Each structure stands twice: as structure tokens, then as C-alpha cells.
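Undergrad: Just so it is clear, I am handing over input13.cif, which has mmCIF, N, CA and C atoms.
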data_start
#
loop_
_atom_site.label_atom_id
_atom_site.label_comp_id
_atom_site.auth_asym_id
_atom_site.auth_seq_id
_atom_site.Cartn_x
_atom_site.Cartn_y
_atom_site.Cartn_z
N MET A 29 -278.16 -72.72 -66.58
CA MET A 29 -276.88 -73.39 -66.61
C MET A 29 -276.87 -74.41 -65.48
N ASN A 30 -276.47 -75.60 -65.81
CA ASN A 30 -276.50 -76.63 -64.77
C ASN A 30 -275.24 -76.56 -63.90
N LEU A 31 -275.24 -77.32 -62.85
CA LEU A 31 -274.18 -77.32 -61.85
C LEU A 31 -272.82 -77.70 -62.45
N PHE A 32 -272.80 -78.67 -63.37
CA PHE A 32 -271.54 -79.10 -63.97
C PHE A 32 -270.89 -77.99 -64.80
N HIS A 33 -271.68 -77.21 -65.53
CA HIS A 33 -271.15 -76.10 -66.30
C HIS A 33 -270.56 -75.03 -65.37
N LYS A 34 -271.26 -74.76 -64.27
CA LYS A 34 -270.75 -73.76 -63.33
C LYS A 34 -269.44 -74.21 -62.70
N ILE A 35 -269.36 -75.47 -62.32
CA ILE A 35 -268.13 -76.00 -61.73
C ILE A 35 -267.00 -75.95 -62.77
N GLY A 36 -267.31 -76.29 -64.01
CA GLY A 36 -266.31 -76.24 -65.07
C GLY A 36 -265.79 -74.84 -65.31
N LEU A 37 -266.69 -73.85 -65.29
CA LEU A 37 -266.26 -72.46 -65.46
C LEU A 37 -265.38 -71.99 -64.31
N VAL A 38 -265.71 -72.38 -63.09
CA VAL A 38 -264.91 -72.00 -61.93
C VAL A 38 -263.51 -72.62 -62.04
N ILE A 39 -263.44 -73.88 -62.43
CA ILE A 39 -262.13 -74.54 -62.58
C ILE A 39 -261.33 -73.88 -63.69
N ALA A 40 -261.95 -73.61 -64.82
CA ALA A 40 -261.24 -72.97 -65.94
C ALA A 40 -260.75 -71.58 -65.56
N ALA A 41 -261.54 -70.81 -64.85
CA ALA A 41 -261.12 -69.48 -64.41
C ALA A 41 -259.96 -69.56 -63.43
N SER A 42 -260.01 -70.53 -62.53
CA SER A 42 -258.93 -70.70 -61.56
C SER A 42 -257.62 -71.06 -62.25
N VAL A 43 -257.67 -71.97 -63.22
CA VAL A 43 -256.48 -72.38 -63.96
C VAL A 43 -255.92 -71.18 -64.73
N ALA A 44 -256.78 -70.40 -65.37
CA ALA A 44 -256.33 -69.25 -66.14
C ALA A 44 -255.66 -68.21 -65.25
N LEU A 45 -256.22 -67.97 -64.08
CA LEU A 45 -255.64 -66.98 -63.17
C LEU A 45 -254.30 -67.43 -62.61
N THR A 46 -254.18 -68.70 -62.27
CA THR A 46 -252.93 -69.17 -61.66
C THR A 46 -251.81 -69.27 -62.69
N THR A 47 -252.12 -69.54 -63.97
CA THR A 47 -251.07 -69.62 -64.97
C THR A 47 -250.73 -68.25 -65.54
N ALA A 48 -251.63 -67.30 -65.51
CA ALA A 48 -251.38 -65.98 -66.07
C ALA A 48 -250.53 -65.12 -65.14
N CYS A 49 -250.61 -65.33 -63.86
CA CYS A 49 -249.86 -64.53 -62.90
C CYS A 49 -248.50 -65.17 -62.68
N SER A 50 -247.46 -64.34 -62.68
CA SER A 50 -246.14 -64.87 -62.40
C SER A 50 -245.71 -64.42 -61.01
N SER A 51 -244.85 -65.19 -60.45
CA SER A 51 -244.35 -64.90 -59.12
C SER A 51 -243.37 -63.75 -59.17
N ASP A 52 -243.31 -62.94 -58.11
CA ASP A 52 -242.33 -61.88 -58.01
C ASP A 52 -240.93 -62.44 -57.86
N ASP A 53 -240.82 -63.74 -57.57
CA ASP A 53 -239.53 -64.38 -57.39
C ASP A 53 -238.93 -64.89 -58.71
N ASP A 54 -239.64 -64.74 -59.83
CA ASP A 54 -239.12 -65.18 -61.11
C ASP A 54 -237.91 -64.33 -61.48
N PRO A 55 -236.83 -64.96 -61.96
CA PRO A 55 -235.63 -64.19 -62.34
C PRO A 55 -235.90 -63.32 -63.56
N PHE A 56 -235.25 -62.16 -63.59
CA PHE A 56 -235.43 -61.21 -64.67
C PHE A 56 -234.08 -60.87 -65.28
N PHE A 57 -234.00 -60.87 -66.63
CA PHE A 57 -232.76 -60.52 -67.33
C PHE A 57 -233.10 -59.81 -68.64
N ALA A 58 -232.40 -58.71 -68.91
CA ALA A 58 -232.55 -58.00 -70.18
C ALA A 58 -231.22 -57.36 -70.54
N ARG A 59 -230.88 -57.41 -71.84
CA ARG A 59 -229.68 -56.74 -72.34
C ARG A 59 -230.10 -55.84 -73.49
N GLU A 60 -229.28 -54.85 -73.79
CA GLU A 60 -229.64 -53.85 -74.78
C GLU A 60 -229.65 -54.39 -76.21
N ASN A 61 -228.65 -55.18 -76.58
CA ASN A 61 -228.54 -55.67 -77.95
C ASN A 61 -228.17 -57.15 -78.00
N ASP A 62 -228.64 -57.80 -79.05
CA ASP A 62 -228.25 -59.18 -79.34
C ASP A 62 -227.13 -59.22 -80.37
N TYR A 63 -227.01 -58.15 -81.18
CA TYR A 63 -226.03 -58.08 -82.26
C TYR A 63 -225.33 -56.73 -82.23
N LEU A 64 -224.00 -56.75 -82.39
CA LEU A 64 -223.20 -55.53 -82.47
C LEU A 64 -222.24 -55.65 -83.65
N THR A 65 -222.05 -54.54 -84.38
CA THR A 65 -221.09 -54.50 -85.48
C THR A 65 -220.12 -53.35 -85.22
N PHE A 66 -218.83 -53.64 -85.39
CA PHE A 66 -217.78 -52.65 -85.18
C PHE A 66 -216.96 -52.51 -86.46
N ASP A 67 -216.34 -51.32 -86.65
CA ASP A 67 -215.38 -51.22 -87.74
C ASP A 67 -214.08 -51.84 -87.25
N CYS A 68 -213.00 -51.69 -88.00
CA CYS A 68 -211.76 -52.40 -87.68
C CYS A 68 -210.96 -51.79 -86.53
N ASN A 69 -211.34 -50.60 -86.07
CA ASN A 69 -210.58 -49.91 -85.03
C ASN A 69 -210.87 -50.44 -83.64
N GLU A 70 -209.88 -50.31 -82.76
CA GLU A 70 -210.08 -50.66 -81.36
C GLU A 70 -211.10 -49.69 -80.78
N GLN A 71 -212.11 -50.21 -80.11
CA GLN A 71 -213.16 -49.35 -79.57
C GLN A 71 -213.99 -50.10 -78.55
N SER A 72 -214.81 -49.35 -77.84
CA SER A 72 -215.74 -49.97 -76.90
C SER A 72 -217.07 -49.23 -76.96
N VAL A 73 -218.10 -49.93 -76.57
CA VAL A 73 -219.43 -49.37 -76.57
C VAL A 73 -220.11 -49.77 -75.26
N GLU A 74 -220.86 -48.83 -74.70
CA GLU A 74 -221.56 -49.10 -73.45
C GLU A 74 -222.92 -49.71 -73.77
N GLN A 75 -223.26 -50.76 -73.04
CA GLN A 75 -224.52 -51.46 -73.24
C GLN A 75 -225.24 -51.60 -71.90
N SER A 76 -226.56 -51.45 -71.94
CA SER A 76 -227.33 -51.58 -70.69
C SER A 76 -227.59 -53.05 -70.39
N LEU A 77 -227.68 -53.32 -69.11
CA LEU A 77 -227.93 -54.67 -68.60
C LEU A 77 -228.82 -54.52 -67.38
N GLN A 78 -229.85 -55.33 -67.31
CA GLN A 78 -230.75 -55.26 -66.16
C GLN A 78 -231.12 -56.67 -65.76
N CYS A 79 -230.87 -57.00 -64.50
CA CYS A 79 -231.22 -58.32 -64.00
C CYS A 79 -231.32 -58.27 -62.48
N ASP A 80 -231.76 -59.37 -61.93
CA ASP A 80 -231.92 -59.42 -60.47
C ASP A 80 -231.20 -60.63 -59.88
N GLY A 81 -229.93 -60.73 -60.20
CA GLY A 81 -229.14 -61.83 -59.67
C GLY A 81 -227.73 -61.82 -60.25
N ALA A 82 -226.98 -62.88 -59.94
CA ALA A 82 -225.58 -62.97 -60.38
C ALA A 82 -225.51 -63.32 -61.87
N TRP A 83 -224.56 -62.70 -62.56
CA TRP A 83 -224.30 -62.95 -63.98
C TRP A 83 -222.80 -62.96 -64.21
N LYS A 84 -222.39 -63.62 -65.30
CA LYS A 84 -220.98 -63.70 -65.65
C LYS A 84 -220.84 -63.86 -67.16
N VAL A 85 -219.80 -63.23 -67.73
CA VAL A 85 -219.57 -63.31 -69.18
C VAL A 85 -218.72 -64.53 -69.50
N ASP A 86 -219.16 -65.27 -70.52
CA ASP A 86 -218.40 -66.38 -71.09
C ASP A 86 -217.91 -65.90 -72.46
N TYR A 87 -216.59 -65.75 -72.62
CA TYR A 87 -216.01 -65.22 -73.86
C TYR A 87 -215.98 -66.24 -74.99
N ASP A 88 -216.19 -67.49 -74.70
CA ASP A 88 -216.23 -68.55 -75.70
C ASP A 88 -215.00 -68.52 -76.62
N GLY A 89 -213.82 -68.22 -76.04
CA GLY A 89 -212.58 -68.24 -76.80
C GLY A 89 -212.30 -67.00 -77.61
N ASN A 90 -213.12 -65.99 -77.53
CA ASN A 90 -212.93 -64.76 -78.31
C ASN A 90 -212.04 -63.79 -77.54
N ASP A 91 -210.73 -63.93 -77.74
CA ASP A 91 -209.77 -63.11 -76.98
C ASP A 91 -209.67 -61.67 -77.50
N TRP A 92 -210.34 -61.34 -78.58
CA TRP A 92 -210.35 -59.98 -79.12
C TRP A 92 -211.49 -59.15 -78.56
N ILE A 93 -212.29 -59.74 -77.68
CA ILE A 93 -213.42 -59.06 -77.04
C ILE A 93 -213.12 -58.94 -75.55
N ALA A 94 -213.44 -57.78 -74.98
CA ALA A 94 -213.29 -57.57 -73.54
C ALA A 94 -214.56 -56.92 -73.00
N VAL A 95 -215.03 -57.38 -71.87
CA VAL A 95 -216.22 -56.82 -71.23
C VAL A 95 -215.83 -56.37 -69.83
N THR A 96 -216.24 -55.14 -69.48
CA THR A 96 -215.95 -54.60 -68.17
C THR A 96 -217.22 -54.05 -67.55
N PRO A 97 -217.59 -54.46 -66.38
CA PRO A 97 -217.09 -55.63 -65.67
C PRO A 97 -217.57 -56.90 -66.37
N ASP A 98 -216.89 -58.01 -66.12
CA ASP A 98 -217.31 -59.25 -66.79
C ASP A 98 -218.07 -60.20 -65.86
N GLU A 99 -218.42 -59.70 -64.70
CA GLU A 99 -219.35 -60.42 -63.82
C GLU A 99 -219.90 -59.44 -62.80
N GLY A 100 -221.04 -59.80 -62.22
CA GLY A 100 -221.65 -58.93 -61.24
C GLY A 100 -222.92 -59.53 -60.69
N VAL A 101 -223.57 -58.76 -59.84
CA VAL A 101 -224.85 -59.15 -59.26
C VAL A 101 -225.81 -57.99 -59.46
N GLY A 102 -226.83 -58.22 -60.25
CA GLY A 102 -227.82 -57.19 -60.51
C GLY A 102 -228.84 -57.09 -59.38
N ASP A 103 -229.33 -55.88 -59.17
CA ASP A 103 -230.34 -55.65 -58.13
C ASP A 103 -231.70 -55.27 -58.72
N GLY A 104 -231.85 -55.52 -60.03
CA GLY A 104 -233.10 -55.18 -60.71
C GLY A 104 -233.08 -53.81 -61.34
N GLU A 105 -232.08 -53.00 -60.99
CA GLU A 105 -231.95 -51.66 -61.56
C GLU A 105 -231.10 -51.71 -62.83
N LEU A 106 -231.25 -50.71 -63.67
CA LEU A 106 -230.49 -50.62 -64.91
C LEU A 106 -229.02 -50.36 -64.59
N SER A 107 -228.13 -51.14 -65.19
CA SER A 107 -226.70 -50.94 -65.04
C SER A 107 -226.07 -51.02 -66.43
N PHE A 108 -224.76 -50.79 -66.49
CA PHE A 108 -224.09 -50.74 -67.78
C PHE A 108 -222.82 -51.56 -67.76
N ILE A 109 -222.53 -52.16 -68.92
CA ILE A 109 -221.26 -52.85 -69.14
C ILE A 109 -220.61 -52.20 -70.37
N SER A 110 -219.30 -52.32 -70.46
CA SER A 110 -218.57 -51.82 -71.61
C SER A 110 -218.05 -53.02 -72.40
N ILE A 111 -218.41 -53.09 -73.68
CA ILE A 111 -217.94 -54.16 -74.55
C ILE A 111 -216.91 -53.56 -75.50
N GLY A 112 -215.69 -54.07 -75.44
CA GLY A 112 -214.62 -53.55 -76.27
C GLY A 112 -214.07 -54.60 -77.21
N VAL A 113 -213.56 -54.12 -78.35
CA VAL A 113 -212.92 -55.01 -79.32
C VAL A 113 -211.55 -54.45 -79.67
N SER A 114 -210.62 -55.34 -79.98
CA SER A 114 -209.27 -54.91 -80.35
C SER A 114 -209.22 -54.58 -81.83
N TYR A 115 -208.15 -53.88 -82.22
CA TYR A 115 -207.94 -53.50 -83.62
C TYR A 115 -207.85 -54.75 -84.49
N ASN A 116 -208.45 -54.69 -85.66
CA ASN A 116 -208.46 -55.83 -86.57
C ASN A 116 -207.54 -55.57 -87.76
N ARG A 117 -206.43 -56.31 -87.83
CA ARG A 117 -205.47 -56.16 -88.92
C ARG A 117 -205.72 -57.14 -90.07
N SER A 118 -206.53 -58.13 -89.84
CA SER A 118 -206.64 -59.21 -90.82
C SER A 118 -208.08 -59.39 -91.28
N ALA A 119 -208.51 -60.61 -91.41
CA ALA A 119 -209.83 -60.93 -91.93
C ALA A 119 -210.94 -60.53 -90.97
N GLU A 120 -212.12 -60.37 -91.54
CA GLU A 120 -213.27 -60.04 -90.72
C GLU A 120 -213.43 -61.07 -89.60
N ARG A 121 -213.82 -60.61 -88.44
CA ARG A 121 -214.03 -61.51 -87.30
C ARG A 121 -215.49 -61.50 -86.91
N THR A 122 -215.97 -62.65 -86.55
CA THR A 122 -217.29 -62.76 -85.94
C THR A 122 -217.13 -63.61 -84.69
N GLY A 123 -217.91 -63.32 -83.72
CA GLY A 123 -217.83 -64.07 -82.47
C GLY A 123 -219.06 -63.82 -81.62
N THR A 124 -219.21 -64.64 -80.64
CA THR A 124 -220.34 -64.52 -79.73
C THR A 124 -219.83 -64.64 -78.30
N ILE A 125 -220.28 -63.73 -77.46
CA ILE A 125 -220.07 -63.88 -76.03
C ILE A 125 -221.42 -64.24 -75.43
N TYR A 126 -221.38 -64.82 -74.26
CA TYR A 126 -222.61 -65.21 -73.59
C TYR A 126 -222.62 -64.61 -72.19
N ILE A 127 -223.76 -64.09 -71.80
CA ILE A 127 -223.92 -63.65 -70.42
C ILE A 127 -224.72 -64.74 -69.72
N ASP A 128 -224.04 -65.43 -68.81
CA ASP A 128 -224.67 -66.54 -68.08
C ASP A 128 -225.44 -65.97 -66.89
N PHE A 129 -226.73 -66.28 -66.84
CA PHE A 129 -227.59 -65.81 -65.77
C PHE A 129 -228.64 -66.87 -65.46
N ASN A 130 -228.71 -67.27 -64.23
CA ASN A 130 -229.75 -68.19 -63.76
C ASN A 130 -229.81 -69.47 -64.60
N GLY A 131 -228.66 -70.03 -64.95
CA GLY A 131 -228.62 -71.28 -65.68
C GLY A 131 -228.87 -71.17 -67.17
N ARG A 132 -228.95 -69.96 -67.68
CA ARG A 132 -229.19 -69.76 -69.11
C ARG A 132 -228.11 -68.84 -69.68
N ALA A 133 -227.72 -69.09 -70.93
CA ALA A 133 -226.70 -68.27 -71.60
C ALA A 133 -227.39 -67.35 -72.61
N TYR A 134 -227.23 -66.04 -72.41
CA TYR A 134 -227.82 -65.04 -73.30
C TYR A 134 -226.73 -64.55 -74.26
N PRO A 135 -226.86 -64.79 -75.56
CA PRO A 135 -225.78 -64.44 -76.50
C PRO A 135 -225.80 -62.98 -76.93
N ILE A 136 -224.60 -62.47 -77.21
CA ILE A 136 -224.43 -61.20 -77.91
C ILE A 136 -223.46 -61.52 -79.06
N HIS A 137 -223.97 -61.44 -80.29
CA HIS A 137 -223.19 -61.77 -81.48
C HIS A 137 -222.48 -60.50 -81.95
N MET A 138 -221.22 -60.65 -82.37
CA MET A 138 -220.43 -59.50 -82.79
C MET A 138 -219.75 -59.73 -84.12
N ARG A 139 -219.62 -58.63 -84.84
CA ARG A 139 -218.92 -58.64 -86.12
C ARG A 139 -217.91 -57.50 -86.08
N LEU A 140 -216.67 -57.80 -86.40
CA LEU A 140 -215.60 -56.82 -86.47
C LEU A 140 -215.09 -56.79 -87.90
N ARG A 141 -215.33 -55.67 -88.58
CA ARG A 141 -214.94 -55.57 -89.99
C ARG A 141 -213.43 -55.56 -90.13
N LEU A 142 -212.94 -55.79 -91.36
CA LEU A 142 -211.51 -55.86 -91.60
C LEU A 142 -210.97 -54.58 -92.20
N ARG A 143 -209.68 -54.40 -92.06
CA ARG A 143 -209.00 -53.25 -92.65
C ARG A 143 -208.54 -53.64 -94.05
N ASP A 144 -208.68 -52.76 -94.97
CA ASP A 144 -208.30 -53.02 -96.35
C ASP A 144 -206.78 -53.17 -96.45
N ALA A 145 -206.32 -54.29 -96.95
CA ALA A 145 -204.88 -54.59 -97.02
C ALA A 145 -204.13 -53.60 -97.90
N LEU A 146 -204.77 -53.03 -98.92
CA LEU A 146 -204.08 -52.11 -99.84
C LEU A 146 -203.76 -50.77 -99.19
N VAL A 147 -204.51 -50.39 -98.17
CA VAL A 147 -204.25 -49.10 -97.53
C VAL A 147 -203.72 -49.27 -96.11
N ASP A 148 -203.37 -50.48 -95.75
CA ASP A 148 -202.85 -50.72 -94.42
C ASP A 148 -201.58 -49.91 -94.20
N GLY A 149 -201.50 -49.25 -93.09
CA GLY A 149 -200.32 -48.45 -92.76
C GLY A 149 -200.45 -46.99 -93.14
N ILE A 150 -201.47 -46.63 -93.91
CA ILE A 150 -201.68 -45.23 -94.28
C ILE A 150 -202.56 -44.59 -93.20
N ALA A 151 -202.10 -43.48 -92.66
CA ALA A 151 -202.86 -42.79 -91.61
C ALA A 151 -204.24 -42.43 -92.11
N GLY A 152 -205.24 -42.67 -91.30
CA GLY A 152 -206.61 -42.33 -91.64
C GLY A 152 -207.27 -43.30 -92.60
N ALA A 153 -206.66 -44.43 -92.86
CA ALA A 153 -207.24 -45.40 -93.79
C ALA A 153 -208.56 -45.92 -93.23
N GLU A 154 -209.47 -46.15 -94.12
CA GLU A 154 -210.81 -46.62 -93.72
C GLU A 154 -210.87 -48.13 -93.60
N CYS A 155 -211.75 -48.58 -92.78
CA CYS A 155 -212.03 -50.01 -92.69
C CYS A 155 -212.87 -50.40 -93.90
N ARG A 156 -212.77 -51.63 -94.28
CA ARG A 156 -213.52 -52.12 -95.45
C ARG A 156 -214.80 -52.78 -94.97
N GLU A 157 -215.88 -52.61 -95.70
CA GLU A 157 -217.19 -53.18 -95.36
C GLU A 157 -217.17 -54.67 -95.52
#
Would you encode the structure as C-alpha cells?

TA:
Amino acid sequence: MNLFHKIGLVIAASVALTTACSSDDDPFFARENDYLTFDCNEQSVEQSLQCDGAWKVDYDGNDWIAVTPDEGVGDGELSFISIGVSYNRSAERTGTIYIDFNGRAYPIHMRLRLRDALVDGIAGAECRE
């Protein structure tokens, strides 16, 4: 193998090593779900969240969704948020909230089913699919 091939292999190996390794300072973010479906009843569900920095929920105008807490600072450890929806008396609702972290918005899409108008007001009535 001539000198140019050896130099080329050394350069290629160096480039591969420097691009394959990530810095420990890179921000980290993970959420449990991207999509949630609820029946028509008021309810909340606990979701895991893990990150290493400040985050905040953007409701994007969806006043039927509540997140507790709706902002915080992650330390890299697993934590939990509660996502709640209000009772749905009318048409099916869909909406998206965003968790803003490190300049990026991570969506969680939601669907809230509707209550059947024919059985509205009857105790124990089921939500409609």
C-alpha cells in the first residue's frame, strides 16, 4: 500500500470517529407518546418525560387540554406530567400540544371522542367511537 492510500485511510478513520461520537453536552429529550386518544369523559393520564433542560407546554389554543406541570427543568432523570382533557359534550375534538425544548417543538396529538347525542343525559351513557 502506498503512502497516499495510508494517509487517505487515516483521514477517513478520523472523520468517521469524530462524526460518530456525540458530545455529552448534546441536549436530550424523550416523551412517552406522540398520540393519545380519550373517550368523552373528563380524565387525565400520566406520561413520562425525560430531558436535560428547560421545557414548556404550548397549548396551541386547545383550552380543553391541561398539563400539570406545564413547564419545568429536566435533570436527565425520568419525570412525569399529567395530561388532562375536559368532558366532551359535542363533536369529536382533535388537537395538538407542543412541548418546547431547546428551540424545537415536540408534538403530542390528541383525540377526544364525542358523546352520543341520543343518550346524552342518561347516567352511564357510553361515549361514541

Undergrad: Could you check how far atom C of A:Gln75 sits from atom C of A:Gly131, in Å to one decimal?

TA: 20.5 Å

Undergrad: Using the chain letters and numbers from the file, which residues does the PyMOL selection byres ((chain A and resi 60) around 6.5) grab, as a PDB file with N, CA and C atoms, in the coordinates of the input?

TA:
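Result went into selection-v7.pdb, see below:
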ATOM      1  N   ALA A  58    -232.400 -58.710 -68.910  1.00  0.00           N
ATOM      2  CA  ALA A  58    -232.550 -58.000 -70.180  1.00  0.00           C
ATOM      3  C   ALA A  58    -231.220 -57.360 -70.540  1.00  0.00           C
ATOM      4  N   ARG A  59    -230.880 -57.410 -71.840  1.00  0.00           N
ATOM      5  CA  ARG A  59    -229.680 -56.740 -72.340  1.00  0.00           C
ATOM      6  C   ARG A  59    -230.100 -55.840 -73.490  1.00  0.00           C
ATOM      7  N   ASN A  61    -228.650 -55.180 -76.580  1.00  0.00           N
ATOM      8  CA  ASN A  61    -228.540 -55.670 -77.950  1.00  0.00           C
ATOM      9  C   ASN A  61    -228.170 -57.150 -78.000  1.00  0.00           C
ATOM     10  N   ASP A  62    -228.640 -57.800 -79.050  1.00  0.00           N
ATOM     11  CA  ASP A  62    -228.250 -59.180 -79.340  1.00  0.00           C
ATOM     12  C   ASP A  62    -227.130 -59.220 -80.370  1.00  0.00           C
ATOM     13  N   GLN A  75    -223.260 -50.760 -73.040  1.00  0.00           N
ATOM     14  CA  GLN A  75    -224.520 -51.460 -73.240  1.00  0.00           C
ATOM     15  C   GLN A  75    -225.240 -51.600 -71.900  1.00  0.00           C
ATOM     16  N   SER A  76    -226.560 -51.450 -71.940  1.00  0.00           N
ATOM     17  CA  SER A  76    -227.330 -51.580 -70.690  1.00  0.00           C
ATOM     18  C   SER A  76    -227.590 -53.050 -70.390  1.00  0.00           C
ATOM     19  N   LEU A  77    -227.680 -53.320 -69.110  1.00  0.00           N
ATOM     20  CA  LEU A  77    -227.930 -54.670 -68.600  1.00  0.00           C
ATOM     21  C   LEU A  77    -228.820 -54.520 -67.380  1.00  0.00           C
TER      22      LEU A  77
END

Undergrad: List the residues matched by the PyMOL selection byres ((chain A and resi 103) around 6) in the displayed structure as a ChimeraX atom specification, ordered by chain and then by residue number.

TA: /A:79-81,101-102,104-105

Undergrad: Give me the result of the PyMOL selection byres (((chain A and resi 129 and name CA) around 8) and name CA) on this file, residue by residue, as a count of residues only.

TA: 12

Undergrad: Residues within 6 Å of A:Glu74, please, as a ChimeraX atom specification. Count only N, CA and C atoms; anything in the same chain fewer than 4 positions from it doesn't count.

TA: /A:109-111

Undergrad: Go ahead and write the residues just picked, N, CA and C atoms, as a PDB file, keeping the file's coordinate frame.

TA:
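out.pdb, written as the output of this step:
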ATOM      1  N   ILE A 109    -222.530 -52.160 -68.920  1.00  0.00           N
ATOM      2  CA  ILE A 109    -221.260 -52.850 -69.140  1.00  0.00           C
ATOM      3  C   ILE A 109    -220.610 -52.200 -70.370  1.00  0.00           C
ATOM      4  N   SER A 110    -219.300 -52.320 -70.460  1.00  0.00           N
ATOM      5  CA  SER A 110    -218.570 -51.820 -71.610  1.00  0.00           C
ATOM      6  C   SER A 110    -218.050 -53.020 -72.400  1.00  0.00           C
ATOM      7  N   ILE A 111    -218.410 -53.090 -73.680  1.00  0.00           N
ATOM      8  CA  ILE A 111    -217.940 -54.160 -74.550  1.00  0.00           C
ATOM      9  C   ILE A 111    -216.910 -53.560 -75.500  1.00  0.00           C
TER      10      ILE A 111
END
